[in-house]
$ cat final_7.tsv   # TSV, C-alpha atoms and all ligand atoms
chain	number	residue	atom	x	y	z
A	1	MET	CA	173.42	102.95	148.53
A	2	PHE	CA	173.93	105.59	145.82
A	3	GLU	CA	172.50	103.18	143.27
A	4	LYS	CA	169.39	102.74	145.44
A	5	ILE	CA	168.88	106.49	145.81
A	6	SER	CA	169.96	107.36	142.29
A	7	GLN	CA	166.62	109.04	141.42
A	8	HIS	CA	166.62	111.13	144.61
A	9	GLU	CA	168.26	114.45	145.45
A	10	GLN	CA	168.89	113.78	149.12
A	11	VAL	CA	168.22	111.16	151.77
A	12	VAL	CA	168.71	111.97	155.44
A	13	PHE	CA	168.99	109.38	158.22
A	14	CYS	CA	167.94	110.83	161.59
A	15	ASN	CA	169.08	109.18	164.81
A	16	ASP	CA	168.32	110.40	168.32
A	17	PRO	CA	169.00	107.68	170.92
A	18	SER	CA	167.59	109.66	173.85
A	19	THR	CA	164.07	109.76	172.38
A	20	GLY	CA	164.43	106.54	170.37
A	21	LEU	CA	163.92	108.43	167.10
A	22	LYS	CA	165.01	106.57	163.99
A	23	ALA	CA	163.72	108.33	160.92
A	24	ILE	CA	164.50	108.73	157.23
A	25	ILE	CA	163.68	111.82	155.19
A	26	ALA	CA	163.78	111.41	151.41
A	27	ILE	CA	163.76	114.38	149.04
A	28	HIS	CA	163.02	113.14	145.55
A	29	ASN	CA	162.81	116.26	143.40
A	30	THR	CA	162.59	119.99	144.12
A	31	THR	CA	162.22	121.30	140.56
A	32	LEU	CA	158.79	122.76	141.32
A	33	GLY	CA	159.60	124.01	144.84
A	34	PRO	CA	160.64	122.71	148.26
A	35	ALA	CA	159.77	119.08	148.94
A	36	LEU	CA	156.45	118.38	150.68
A	37	GLY	CA	155.19	115.07	152.02
A	38	GLY	CA	153.75	113.49	155.12
A	39	CYS	CA	155.48	111.42	157.78
A	40	ARG	CA	154.58	107.75	158.14
A	41	MET	CA	155.23	105.82	161.35
A	42	ARG	CA	155.39	102.02	161.22
A	43	PRO	CA	157.23	99.24	163.01
A	44	TYR	CA	159.25	98.48	159.86
A	45	LYS	CA	160.99	95.10	160.08
A	46	SER	CA	164.26	96.56	158.81
A	47	VAL	CA	165.92	99.82	157.83
A	48	ASP	CA	165.93	98.56	154.23
A	49	GLU	CA	162.15	98.16	154.30
A	50	ALA	CA	161.76	101.69	155.69
A	51	LEU	CA	164.16	103.09	153.09
A	52	GLU	CA	162.35	101.39	150.24
A	53	ASP	CA	159.02	102.77	151.49
A	54	VAL	CA	160.25	106.35	151.84
A	55	LEU	CA	161.95	106.30	148.43
A	56	ARG	CA	158.79	105.12	146.66
A	57	LEU	CA	156.51	107.45	148.62
A	58	SER	CA	158.66	110.54	148.00
A	59	LYS	CA	158.83	109.84	144.25
A	60	GLY	CA	155.03	109.54	144.27
A	61	MET	CA	154.85	112.98	145.91
A	62	THR	CA	156.78	114.58	143.03
A	63	TYR	CA	154.15	113.27	140.62
A	64	LYS	CA	151.31	114.12	143.01
A	65	CYS	CA	152.49	117.73	143.35
A	66	ALA	CA	152.86	118.13	139.58
A	67	GLY	CA	149.46	116.53	138.90
A	68	ALA	CA	147.73	118.69	141.50
A	69	ASP	CA	149.38	121.89	140.20
A	70	VAL	CA	150.99	122.85	143.51
A	71	ASP	CA	154.35	124.62	143.69
A	72	PHE	CA	156.12	121.97	145.72
A	73	GLY	CA	158.44	119.10	145.00
A	74	GLY	CA	158.32	115.51	146.22
A	75	GLY	CA	159.51	114.35	149.62
A	76	LYS	CA	158.38	112.05	152.39
A	77	SER	CA	159.58	110.85	155.77
A	78	VAL	CA	159.22	107.65	157.78
A	79	ILE	CA	159.72	106.99	161.47
A	80	ILE	CA	160.63	103.44	162.43
A	81	GLY	CA	158.45	102.64	165.43
A	82	ASP	CA	155.06	101.49	166.63
A	83	PRO	CA	152.65	104.44	166.79
A	84	SER	CA	150.68	102.82	169.62
A	85	THR	CA	153.71	102.57	171.95
A	86	ASP	CA	156.54	104.74	170.61
A	87	SER	CA	154.81	108.07	169.79
A	88	THR	CA	155.96	110.61	172.37
A	89	PRO	CA	156.09	114.41	172.35
A	90	GLU	CA	159.88	114.23	172.74
A	91	LEU	CA	160.25	111.94	169.73
A	92	PHE	CA	158.27	114.34	167.52
A	93	ARG	CA	160.26	117.34	168.83
A	94	ALA	CA	163.49	115.54	167.94
A	95	PHE	CA	162.04	114.80	164.51
A	96	GLY	CA	161.12	118.50	164.17
A	97	GLN	CA	164.74	119.45	164.83
A	98	PHE	CA	165.93	117.23	161.99
A	99	VAL	CA	163.29	118.72	159.66
A	100	ASP	CA	164.46	122.20	160.66
A	101	SER	CA	168.06	121.31	159.89
A	102	LEU	CA	167.02	121.07	156.21
A	103	ASN	CA	166.36	124.81	156.31
A	104	GLY	CA	163.14	124.88	154.30
A	105	ARG	CA	163.95	122.16	151.77
A	106	PHE	CA	161.34	119.81	153.30
A	107	TYR	CA	157.85	120.36	154.74
A	108	THR	CA	155.96	117.56	156.46
A	109	GLY	CA	152.78	116.58	158.31
A	110	THR	CA	150.67	113.47	159.00
A	111	ASP	CA	150.45	110.19	157.14
A	112	MET	CA	149.68	106.62	158.21
A	113	GLY	CA	150.45	106.10	161.88
A	114	THR	CA	150.83	109.80	162.77
A	115	THR	CA	148.26	112.40	163.84
A	116	PRO	CA	147.99	116.20	163.53
A	117	ASP	CA	148.61	116.41	167.32
A	118	ASP	CA	152.01	114.69	166.92
A	119	PHE	CA	153.06	117.59	164.72
A	120	VAL	CA	152.05	120.19	167.27
A	121	HIS	CA	155.15	118.95	169.14
A	122	ALA	CA	157.32	119.05	166.01
A	123	LEU	CA	156.06	122.61	165.36
A	124	LYS	CA	157.85	123.76	168.51
A	125	GLU	CA	161.13	123.05	166.71
A	126	THR	CA	160.42	124.06	163.11
A	127	ASN	CA	158.06	126.11	160.95
A	128	CYS	CA	158.25	123.45	158.23
A	129	ILE	CA	155.16	121.63	159.47
A	130	VAL	CA	151.78	121.52	157.73
A	131	GLY	CA	148.36	120.15	158.63
A	132	VAL	CA	148.37	120.91	162.36
A	133	PRO	CA	144.97	121.43	164.03
A	134	GLU	CA	143.16	124.67	163.28
A	135	GLU	CA	143.60	125.97	166.82
A	136	TYR	CA	147.36	125.92	166.12
A	137	GLY	CA	146.97	127.92	162.90
A	138	GLY	CA	146.97	124.96	160.49
A	139	SER	CA	144.25	123.73	158.15
A	140	GLY	CA	143.42	120.73	160.32
A	141	ASP	CA	143.00	117.10	159.42
A	142	SER	CA	144.10	116.62	155.80
A	143	SER	CA	142.23	113.32	155.56
A	144	VAL	CA	138.98	115.29	155.11
A	145	PRO	CA	139.89	116.60	151.61
A	146	THR	CA	141.67	113.33	150.85
A	147	ALA	CA	138.41	111.45	151.46
A	148	GLN	CA	136.51	114.03	149.42
A	149	GLY	CA	139.03	113.55	146.59
A	150	VAL	CA	138.39	109.80	146.68
A	151	ILE	CA	134.66	110.52	146.32
A	152	TYR	CA	135.38	112.77	143.28
A	153	GLY	CA	137.61	109.99	141.93
A	154	LEU	CA	134.80	107.46	142.33
A	155	GLN	CA	132.40	109.77	140.50
A	156	ALA	CA	134.83	110.31	137.60
A	157	THR	CA	135.35	106.55	137.36
A	158	ILE	CA	131.64	105.72	137.38
A	159	GLN	CA	131.10	108.52	134.85
A	160	THR	CA	133.72	106.93	132.58
A	161	LEU	CA	132.23	103.45	132.98
A	162	GLU	CA	128.53	104.23	132.96
A	163	GLY	CA	127.98	107.86	132.01
A	164	THR	CA	126.68	108.92	135.44
A	165	ASP	CA	128.19	110.45	138.60
A	166	GLU	CA	125.68	108.64	140.80
A	167	LEU	CA	127.34	106.74	143.68
A	168	ALA	CA	124.11	105.21	145.00
A	169	GLY	CA	122.91	101.82	143.80
A	170	LYS	CA	126.49	100.50	143.57
A	171	SER	CA	128.62	98.33	145.82
A	172	TYR	CA	132.09	99.11	147.13
A	173	SER	CA	134.73	97.06	148.95
A	174	ILE	CA	136.92	99.12	151.28
A	175	GLN	CA	140.26	98.03	152.74
A	176	GLY	CA	141.17	100.15	155.78
A	177	LEU	CA	138.81	102.27	157.88
A	178	GLY	CA	141.32	104.76	159.20
A	179	LYS	CA	141.30	108.53	158.84
A	180	VAL	CA	140.47	108.42	155.10
A	181	GLY	CA	138.69	105.07	154.65
A	182	PHE	CA	136.21	105.69	157.44
A	183	LYS	CA	135.14	109.04	155.97
A	184	VAL	CA	134.74	107.53	152.50
A	185	ALA	CA	132.70	104.66	153.98
A	186	GLU	CA	130.43	107.11	155.81
A	187	GLN	CA	129.80	109.14	152.64
A	188	LEU	CA	128.96	106.01	150.66
A	189	LEU	CA	126.58	104.84	153.38
A	190	ALA	CA	124.99	108.29	153.38
A	191	ALA	CA	124.51	107.92	149.59
A	192	GLY	CA	122.70	104.63	150.23
A	193	ALA	CA	125.41	102.33	148.88
A	194	GLN	CA	126.24	98.74	149.80
A	195	ILE	CA	129.75	98.59	151.28
A	196	TYR	CA	132.00	95.68	152.26
A	197	VAL	CA	134.76	96.59	154.70
A	198	THR	CA	137.83	95.11	156.31
A	199	ASP	CA	140.33	96.42	158.86
A	200	ILE	CA	142.74	94.89	161.34
A	201	ASN	CA	141.31	97.29	163.92
A	202	GLU	CA	138.16	95.77	165.44
A	203	LYS	CA	137.12	99.14	166.89
A	204	ALA	CA	136.89	100.73	163.45
A	205	LEU	CA	134.73	97.84	162.20
A	206	LYS	CA	132.35	98.17	165.15
A	207	LEU	CA	132.14	101.93	164.69
A	208	ILE	CA	131.20	101.73	161.00
A	209	GLN	CA	128.49	99.17	161.79
A	210	GLU	CA	127.07	101.60	164.35
A	211	ARG	CA	127.17	104.44	161.81
A	212	ALA	CA	125.43	102.25	159.20
A	213	GLU	CA	122.45	101.82	161.51
A	214	LEU	CA	121.81	105.57	161.23
A	215	LEU	CA	122.41	105.88	157.47
A	216	PRO	CA	120.52	104.58	154.40
A	217	GLY	CA	123.30	102.28	153.12
A	218	ASN	CA	124.31	98.83	154.26
A	219	VAL	CA	127.64	97.47	155.56
A	220	GLU	CA	129.07	93.94	155.63
A	221	VAL	CA	132.35	93.07	157.36
A	222	VAL	CA	134.77	90.87	155.41
A	223	GLU	CA	137.74	88.92	156.83
A	224	GLY	CA	141.23	90.15	155.88
A	225	ASN	CA	142.32	89.11	152.40
A	226	ASP	CA	138.77	88.04	151.43
A	227	ILE	CA	138.26	91.71	150.53
A	228	TYR	CA	140.07	91.07	147.21
A	229	GLY	CA	137.48	88.52	146.07
A	230	VAL	CA	134.37	90.55	146.94
A	231	ASP	CA	131.96	90.85	144.03
A	232	ALA	CA	131.55	94.63	144.26
A	233	ASP	CA	131.58	97.36	141.61
A	234	VAL	CA	134.61	99.25	142.95
A	235	PHE	CA	137.50	98.31	145.25
A	236	ILE	CA	138.71	101.18	147.47
A	237	PRO	CA	142.16	100.53	149.01
A	238	CYS	CA	142.67	102.86	152.00
A	239	ALA	CA	145.37	101.04	153.99
A	240	LEU	CA	148.78	99.87	152.81
A	241	GLY	CA	150.46	100.11	149.42
A	242	GLY	CA	151.80	97.26	147.24
A	243	ILE	CA	148.53	95.32	147.46
A	244	ILE	CA	147.82	95.10	143.72
A	245	HIS	CA	149.97	92.24	142.43
A	246	ASP	CA	149.70	88.97	140.48
A	247	GLU	CA	147.88	87.11	143.24
A	248	THR	CA	145.35	89.80	144.16
A	249	ILE	CA	144.61	90.71	140.52
A	250	GLU	CA	143.70	87.07	139.99
A	251	LYS	CA	141.07	87.34	142.75
A	252	LEU	CA	139.58	90.74	141.85
A	253	LYS	CA	136.00	90.77	140.51
A	254	VAL	CA	135.48	94.55	140.56
A	255	LYS	CA	135.11	96.88	137.55
A	256	ALA	CA	137.39	99.56	139.00
A	257	ILE	CA	139.91	100.41	141.74
A	258	VAL	CA	139.90	103.90	143.25
A	259	GLY	CA	141.35	104.52	146.69
A	260	SER	CA	143.62	106.62	148.86
A	261	ALA	CA	146.44	104.18	149.62
A	262	ASN	CA	149.78	105.38	148.28
A	263	ASN	CA	151.63	103.10	145.83
A	264	GLN	CA	148.85	100.57	145.39
A	265	LEU	CA	150.54	98.79	142.46
A	266	LEU	CA	153.37	96.52	143.57
A	267	GLU	CA	155.07	97.16	140.23
A	268	ASP	CA	154.21	99.33	137.22
A	269	LYS	CA	153.42	96.22	135.15
A	270	HIS	CA	150.42	95.58	137.42
A	271	GLY	CA	148.74	98.68	135.96
A	272	LEU	CA	148.94	96.95	132.59
A	273	TYR	CA	147.60	93.67	134.00
A	274	LEU	CA	144.58	95.52	135.42
A	275	GLN	CA	143.94	97.06	132.02
A	276	GLN	CA	144.18	93.63	130.37
A	277	LYS	CA	141.64	92.27	132.87
A	278	GLY	CA	139.27	95.17	132.09
A	279	ILE	CA	139.59	96.80	135.52
A	280	LEU	CA	139.72	100.61	135.41
A	281	TYR	CA	142.44	101.82	137.78
A	282	GLY	CA	142.32	105.35	139.21
A	283	PRO	CA	146.05	106.19	139.67
A	284	ASP	CA	146.58	106.61	143.40
A	285	TYR	CA	148.56	109.83	143.37
A	286	ILE	CA	145.84	111.56	141.35
A	287	VAL	CA	142.95	110.21	143.46
A	288	ASN	CA	144.52	110.88	146.87
A	289	ALA	CA	145.83	114.43	146.24
A	290	GLY	CA	143.17	116.12	148.42
A	291	GLY	CA	145.37	116.17	151.55
A	292	LEU	CA	148.30	117.57	149.61
A	293	ILE	CA	146.06	120.22	148.05
A	294	GLN	CA	144.95	121.29	151.54
A	295	VAL	CA	148.40	121.48	153.12
A	296	ALA	CA	149.91	123.26	150.10
A	297	ASP	CA	147.00	125.70	150.23
A	298	GLU	CA	148.03	126.72	153.77
A	299	LEU	CA	150.35	129.16	151.98
A	300	TYR	CA	147.31	131.40	151.59
A	301	GLY	CA	145.96	130.81	155.11
A	302	PRO	CA	143.44	128.07	155.98
A	303	ASN	CA	140.20	128.13	153.95
A	304	LYS	CA	138.17	124.93	153.70
A	305	ALA	CA	135.86	126.13	150.92
A	306	ARG	CA	138.82	127.03	148.67
A	307	VAL	CA	140.44	123.65	149.34
A	308	LEU	CA	137.30	121.73	148.42
A	309	THR	CA	136.98	123.70	145.18
A	310	LYS	CA	140.61	122.90	144.31
A	311	THR	CA	140.09	119.24	145.26
A	312	ARG	CA	137.29	119.02	142.70
A	313	ALA	CA	140.03	119.21	140.00
A	314	ILE	CA	140.73	115.52	140.79
A	315	TYR	CA	137.50	114.68	138.93
A	316	ASP	CA	138.59	116.51	135.76
A	317	SER	CA	142.16	115.17	135.87
A	318	LEU	CA	140.93	111.59	136.12
A	319	ILE	CA	138.46	111.99	133.25
A	320	GLN	CA	141.33	113.33	131.11
A	321	ILE	CA	143.71	110.52	132.16
A	322	TYR	CA	141.13	107.79	131.45
A	323	SER	CA	140.47	109.32	128.05
A	324	GLU	CA	144.21	109.55	127.18
A	325	SER	CA	144.66	105.94	128.29
A	326	THR	CA	141.95	104.77	125.89
A	327	LYS	CA	143.11	107.04	123.05
A	328	ASN	CA	146.76	105.90	123.26
A	329	SER	CA	146.11	102.28	124.35
A	330	ILE	CA	148.24	102.70	127.46
A	331	SER	CA	147.51	101.87	131.10
A	332	THR	CA	145.89	104.58	133.20
A	333	MET	CA	149.08	104.68	135.31
A	334	GLU	CA	151.18	105.36	132.22
A	335	ALA	CA	148.67	108.04	131.15
A	336	ALA	CA	148.88	109.63	134.63
A	337	ASN	CA	152.69	109.57	134.54
A	338	ARG	CA	152.68	111.35	131.18
A	339	PHE	CA	150.05	113.85	132.44
A	340	CYS	CA	152.31	114.77	135.39
A	341	GLU	CA	155.59	114.73	133.44
A	342	GLU	CA	154.14	117.15	130.87
A	343	LYS	CA	152.98	119.50	133.63
A	344	MET	CA	156.40	119.26	135.31
A	345	ALA	CA	158.24	120.02	132.07
A	346	ALA	CA	156.02	123.04	131.38
A	347	ARG	CA	156.27	124.42	134.91
A	348	SER	CA	159.96	123.73	135.40
A	349	LYS	CA	160.66	126.40	132.78
A	350	ARG	CA	158.73	128.92	134.85
A	351	ASN	CA	160.49	127.87	138.05
A	352	SER	CA	163.97	127.48	136.66
A	353	PHE	CA	165.26	130.39	138.73
A	354	PHE	CA	164.12	128.84	142.02
A	355	ALA	CA	167.06	129.18	144.40
A	356	HIS	CA	166.09	126.55	146.97
A	357	ASN	CA	167.06	128.82	149.81
A	358	ARG	CA	163.83	130.80	150.09
A	359	ARG	CA	160.90	129.46	152.01
A	360	PRO	CA	157.38	129.84	150.62
A	361	LYS	CA	155.49	132.81	152.00
A	362	TRP	CA	153.43	131.02	154.63
A	363	GLN	CA	150.79	133.29	156.09
A	364	VAL	CA	150.00	130.80	158.84
A	365	ARG	CA	153.29	131.19	160.68
A	366	ASN	CA	156.39	133.15	159.92
B	1	LIG	N1	145.58	110.90	155.45
B	1	LIG	C1	145.71	111.47	154.26
B	1	LIG	O1	145.30	112.62	154.06
B	1	LIG	C2	146.33	110.72	153.13
B	1	LIG	C3	146.50	109.35	153.17
B	1	LIG	N2	147.02	108.68	152.10
B	1	LIG	C4	147.21	107.24	152.14
B	1	LIG	O2	145.96	106.59	152.39
B	1	LIG	C5	146.16	105.43	153.19
B	1	LIG	C6	145.36	105.53	154.47
B	1	LIG	O3	145.75	106.70	155.17
B	1	LIG	P1	145.10	107.11	156.57
B	1	LIG	O4	143.64	106.80	156.54
B	1	LIG	O5	145.54	108.48	156.83
B	1	LIG	O6	145.85	106.12	157.55
B	1	LIG	P2	145.35	105.55	158.95
B	1	LIG	O7	146.57	105.06	159.65
B	1	LIG	O8	144.47	106.53	159.65
B	1	LIG	O9	144.42	104.32	158.52
B	1	LIG	C7	144.85	103.13	157.95
B	1	LIG	C8	143.85	102.05	158.34
B	1	LIG	O10	144.22	100.85	157.67
B	1	LIG	C9	144.12	99.78	158.58
B	1	LIG	N3	144.98	98.70	158.14
B	1	LIG	C10	146.32	98.58	158.26
B	1	LIG	N4	146.72	97.41	157.73
B	1	LIG	C11	145.61	96.82	157.24
B	1	LIG	C12	145.37	95.58	156.56
B	1	LIG	N5	146.37	94.74	156.29
B	1	LIG	N6	144.11	95.28	156.22
B	1	LIG	C13	143.09	96.13	156.51
B	1	LIG	N7	143.24	97.28	157.15
B	1	LIG	C14	144.50	97.61	157.51
B	1	LIG	C15	144.51	100.39	159.92
B	1	LIG	O11	144.05	99.61	161.01
B	1	LIG	C16	143.83	101.76	159.84
B	1	LIG	O12	142.50	101.72	160.30
B	1	LIG	C17	147.69	105.34	153.40
B	1	LIG	O13	148.26	104.56	152.39
B	1	LIG	C18	148.15	106.79	153.24
B	1	LIG	O14	149.50	106.89	152.84
B	1	LIG	C19	147.34	109.34	150.94
B	1	LIG	C20	147.17	110.68	150.84
B	1	LIG	C21	146.72	111.50	151.94
B	2	LIG	O1	149.02	115.15	154.00
B	2	LIG	C1	150.18	115.64	154.04
B	2	LIG	O2	150.71	116.10	155.05
B	2	LIG	C2	151.00	115.72	152.79
B	2	LIG	C3	150.50	114.89	151.67
B	2	LIG	C4	151.04	113.51	151.67
B	2	LIG	O3	151.96	113.16	152.34
B	2	LIG	C5	150.40	112.54	150.78
B	2	LIG	O4	149.55	112.96	149.98
B	2	LIG	O5	150.74	111.35	150.83

$ encode --input "final_7.tsv" --output "structure tokens"
Amino acid sequence: MFEKISQHEQVVFCNDPSTGLKAIIAIHNTTLGPALGGCRMRPYKSVDEALEDVLRLSKGMTYKCAGADVDFGGGKSVIIGDPSTDSTPELFRAFGQFVDSLNGRFYTGTDMGTTPDDFVHALKETNCIVGVPEEYGGSGDSSVPTAQGVIYGLQATIQTLEGTDELAGKSYSIQGLGKVGFKVAEQLLAAGAQIYVTDINEKALKLIQERAELLPGNVEVVEGNDIYGVDADVFIPCALGGIIHDETIEKLKVKAIVGSANNQLLEDKHGLYLQQKGILYGPDYIVNAGGLIQVADELYGPNKARVLTKTRAIYDSLIQIYSESTKNSISTMEAANRFCEEKMAARSKRNSFFAHNRRPKWQVRN
């Protein structure tokens, strides 16, 4: 076990038989501040699968926080369960108690399979919750800035490829029409783009077709894994991670990949394979930082305009990372890792006195 978690500071297994809660909280690195990261709920097939997911996701958060210039470290949590049948107020209150037991070392909110309302229940047990609805003092749904960040990422990518920020007149294949993917799809349709979409949720597919009837763009539904072979300009993964691997790279016909899904590359080497195939990859933890930027910004009280301005930095970061990748002949993922590690090294000097026992000065709740 210690070998598995060797890169992490702390991993907490949470068990509450009366509510059925089985959760894992992973704190990767708190050099820049207390750990921050959402909570994913999935019917994981095994505890090992859940552990592997939370370890990868929390490490990604350390890089995401450094890249987005927020004063938090990397953490994440997973709940083993089916969101459609196992999400109960009691389960989220029990989860909140475990979060509180970490005494400010870990802040959490929504991710795949959980909603802001779930965390209203957790909030009864701990102040270490972010992204609750505005009527509860939070900044609301973090998928709004995440989707906006994906749009900025698409513009930076098209700028790098073609010297224009124009999203119209291009085609996009989107995997996953959930909280983030649906909003990205709507914006692309509003820009008049051609989109190809897939989701395991029939309702989401029907809904986007209805939206397309009212917007200038066009939508075509694609079956499951056929999304990888679509002849579009950009592939936008907005569902699960680990989907870029030998087999899918073989099928891809796109010029670029830019999406919100965390940990899109199955292994680091796949970033290199994409580069060798001439596909420009927008590193996920740079592209999808909008939600993190919003929840971290709750420190100053909710303010949507400020969050959108900060989210715009994703555009500039990506342009810089693409340029460093070309200059140094390294993959964009390697360039993004260096970009974040340099920021972390510089800021860790400033934060070296951080005592880990003081909570940030949240103005939302105290
Ligand atoms: N919500 C946020 O603000 C952020 C989300 N992300 C990441 O973005 C991704 C999407 O997040 P959300 O939209 O919040 O999640 P969500 O749970 O609202 O949506 C995910 C969608 O993907 C679909 N899906 C699941 N498996 C699929 C498959 N095999 N093929 C096609 N569709 C499939 C689901 O039916 C659902 O519609 C996740 O990887 C998440 O970790 C990253 C940063 C922030
Ligand atoms: O949206 C959140 O609550 C925190 C950010 C996060 O977990 C993520 O960016 O994956």

$ atom_distance --input "final_7.tsv" --atom1 "atom C7 of ligand LIG 1 (chain B)" --atom2 "CA of Phe182 (chain A)"
9.0 Å

$ residues_near_ligand --input "final_7.tsv" --ligand "ligand LIG 2 (chain B)" --cutoff "6 Å" --atoms "all atoms listed in the file" --output "ChimeraX atom specification"
/A:37-38,108-111,131,142,289,291-292

$ closest_atom_pairs --input "final_7.tsv" --of "chain A" --to "ligand LIG 1 (chain B)" --cutoff "7 Å" --atoms "all atoms listed in the file" --output "Markdown table"
| residue | atom | partner | partner_atom | distance |
| --- | --- | --- | --- | --- |
| A:Thr110 | CA | B:LIG1 | N1 | 6.7 |
| A:Asp111 | CA | B:LIG1 | N1 | 5.2 |
| A:Met112 | CA | B:LIG1 | O7 | 3.8 |
| A:Gly113 | CA | B:LIG1 | O7 | 4.6 |
| A:Ser142 | CA | B:LIG1 | O1 | 4.5 |
| A:Ser143 | CA | B:LIG1 | O1 | 3.5 |
| A:Val144 | CA | B:LIG1 | O1 | 6.9 |
| A:Thr146 | CA | B:LIG1 | O1 | 4.9 |
| A:Gln175 | CA | B:LIG1 | C13 | 5.1 |
| A:Gly176 | CA | B:LIG1 | O10 | 3.7 |
| A:Leu177 | CA | B:LIG1 | O12 | 4.4 |
| A:Gly178 | CA | B:LIG1 | O9 | 3.2 |
| A:Lys179 | CA | B:LIG1 | O4 | 3.7 |
| A:Val180 | CA | B:LIG1 | O4 | 3.8 |
| A:Gly181 | CA | B:LIG1 | O4 | 5.6 |
| A:Thr198 | CA | B:LIG1 | C13 | 5.4 |
| A:Asp199 | CA | B:LIG1 | N7 | 3.5 |
| A:Ile200 | CA | B:LIG1 | N7 | 4.8 |
| A:Asn201 | CA | B:LIG1 | O11 | 4.6 |
| A:Ala204 | CA | B:LIG1 | O12 | 6.5 |
| A:Gly224 | CA | B:LIG1 | N6 | 5.9 |
| A:Cys238 | CA | B:LIG1 | C5 | 4.5 |
| A:Ala239 | CA | B:LIG1 | O10 | 3.9 |
| A:Leu240 | CA | B:LIG1 | O13 | 4.7 |
| A:Gly241 | CA | B:LIG1 | O13 | 5.8 |
| A:Ser260 | CA | B:LIG1 | O2 | 4.2 |
| A:Ala261 | CA | B:LIG1 | O13 | 3.3 |
| A:Asn262 | CA | B:LIG1 | O13 | 4.5 |
| A:Asn288 | CA | B:LIG1 | C20 | 4.8 |
| A:Ala289 | CA | B:LIG1 | C20 | 6.1 |
| A:Gly290 | CA | B:LIG1 | C21 | 6.8 |
| A:Gly291 | CA | B:LIG1 | O1 | 4.3 |
| A:Leu292 | CA | B:LIG1 | C21 | 6.7 |

$ residues_around --input "final_7.tsv" --residues "Gly73 (chain A)" --least-positions-apart "5" --cutoff "7 Å" --atoms "all atoms listed in the file" --output "list in words"
Asn29, Thr30, Thr31, Leu32, Gly33, Pro34, Ala35, Leu36, Thr62 and Cys65 of chain A

$ residues_around --input "final_7.tsv" --residues "Tyr196 (chain A)" --least-positions-apart "4" --cutoff "8 Å" --atoms "all atoms listed in the file" --output "PyMOL selection string"
chain A and resi 171-174+219-222+227+230

$ closest_residue --input "final_7.tsv" --among "A:Ile249, A:Leu55, A:Met41, A:Val47" --to "Ile27 (chain A)" --atoms "only C-alpha atoms"
A:Leu55

$ closest_residue --input "final_7.tsv" --among "A:Arg306, A:Leu154, A:Leu299, A:Pro283" --to "Ala335 (chain A)" --atoms "only C-alpha atoms"
A:Pro283

$ atom_distance --input "final_7.tsv" --atom1 "CA of Gly217 (chain A)" --atom2 "CA of Lys251 (chain A)"
25.4 Å

$ axis_aligned_box --input "final_7.tsv" --around "region 21-27 of chain A" --padding-each-side "6 Å" --output "JSON"
{"center_x": 164.3, "center_y": 110.5, "center_z": 158.1, "size_x": 13.3, "size_y": 19.8, "size_z": 30.1}

$ atom_distance --input "final_7.tsv" --atom1 "CA of Tyr228 (chain A)" --atom2 "CA of Lys253 (chain A)"
7.8 Å

$ residues_near_point --input "final_7.tsv" --point "(142.7, 102.4, 127.0)" --cutoff "12 Å" --atoms "only C-alpha atoms" --output "number ranges by chain"
A: 160, 271-272, 274-281, 320-335

$ decode --input "final_7.tsv" --residues "region 124-130 of chain A" --atoms "N, CA, C and O atoms" --output "mmCIF file, in the first residue's frame"
data_model
loop_
_atom_site.group_PDB
_atom_site.id
_atom_site.type_symbol
_atom_site.label_atom_id
_atom_site.label_comp_id
_atom_site.auth_asym_id
_atom_site.auth_seq_id
_atom_site.Cartn_x
_atom_site.Cartn_y
_atom_site.Cartn_z
ATOM 1 N N LYS A 124 -23.690 20.718 6.218
ATOM 2 C CA LYS A 124 -24.227 20.739 7.583
ATOM 3 C C LYS A 124 -23.189 20.217 8.585
ATOM 4 O O LYS A 124 -23.313 20.424 9.787
ATOM 5 N N GLU A 125 -22.204 19.482 8.061
ATOM 6 C CA GLU A 125 -21.231 18.835 8.949
ATOM 7 C C GLU A 125 -19.848 19.474 8.912
ATOM 8 O O GLU A 125 -19.025 19.207 9.766
ATOM 9 N N THR A 126 -19.580 20.268 7.862
ATOM 10 C CA THR A 126 -18.235 20.847 7.736
ATOM 11 C C THR A 126 -18.265 22.126 6.914
ATOM 12 O O THR A 126 -19.094 22.257 6.005
ATOM 13 N N ASN A 127 -17.366 23.042 7.222
ATOM 14 C CA ASN A 127 -17.224 24.256 6.404
ATOM 15 C C ASN A 127 -16.335 24.010 5.183
ATOM 16 O O ASN A 127 -16.202 24.895 4.345
ATOM 17 N N CYS A 128 -15.712 22.844 5.126
ATOM 18 C CA CYS A 128 -14.734 22.599 4.055
ATOM 19 C C CYS A 128 -15.394 22.120 2.767
ATOM 20 O O CYS A 128 -14.991 21.098 2.184
ATOM 21 N N ILE A 129 -16.448 22.822 2.366
ATOM 22 C CA ILE A 129 -17.195 22.466 1.160
ATOM 23 C C ILE A 129 -17.227 23.684 0.257
ATOM 24 O O ILE A 129 -17.466 24.797 0.723
ATOM 25 N N VAL A 130 -16.990 23.446 -1.036
ATOM 26 C CA VAL A 130 -17.038 24.557 -2.001
ATOM 27 C C VAL A 130 -18.053 24.221 -3.092
ATOM 28 O O VAL A 130 -18.463 23.066 -3.248
#
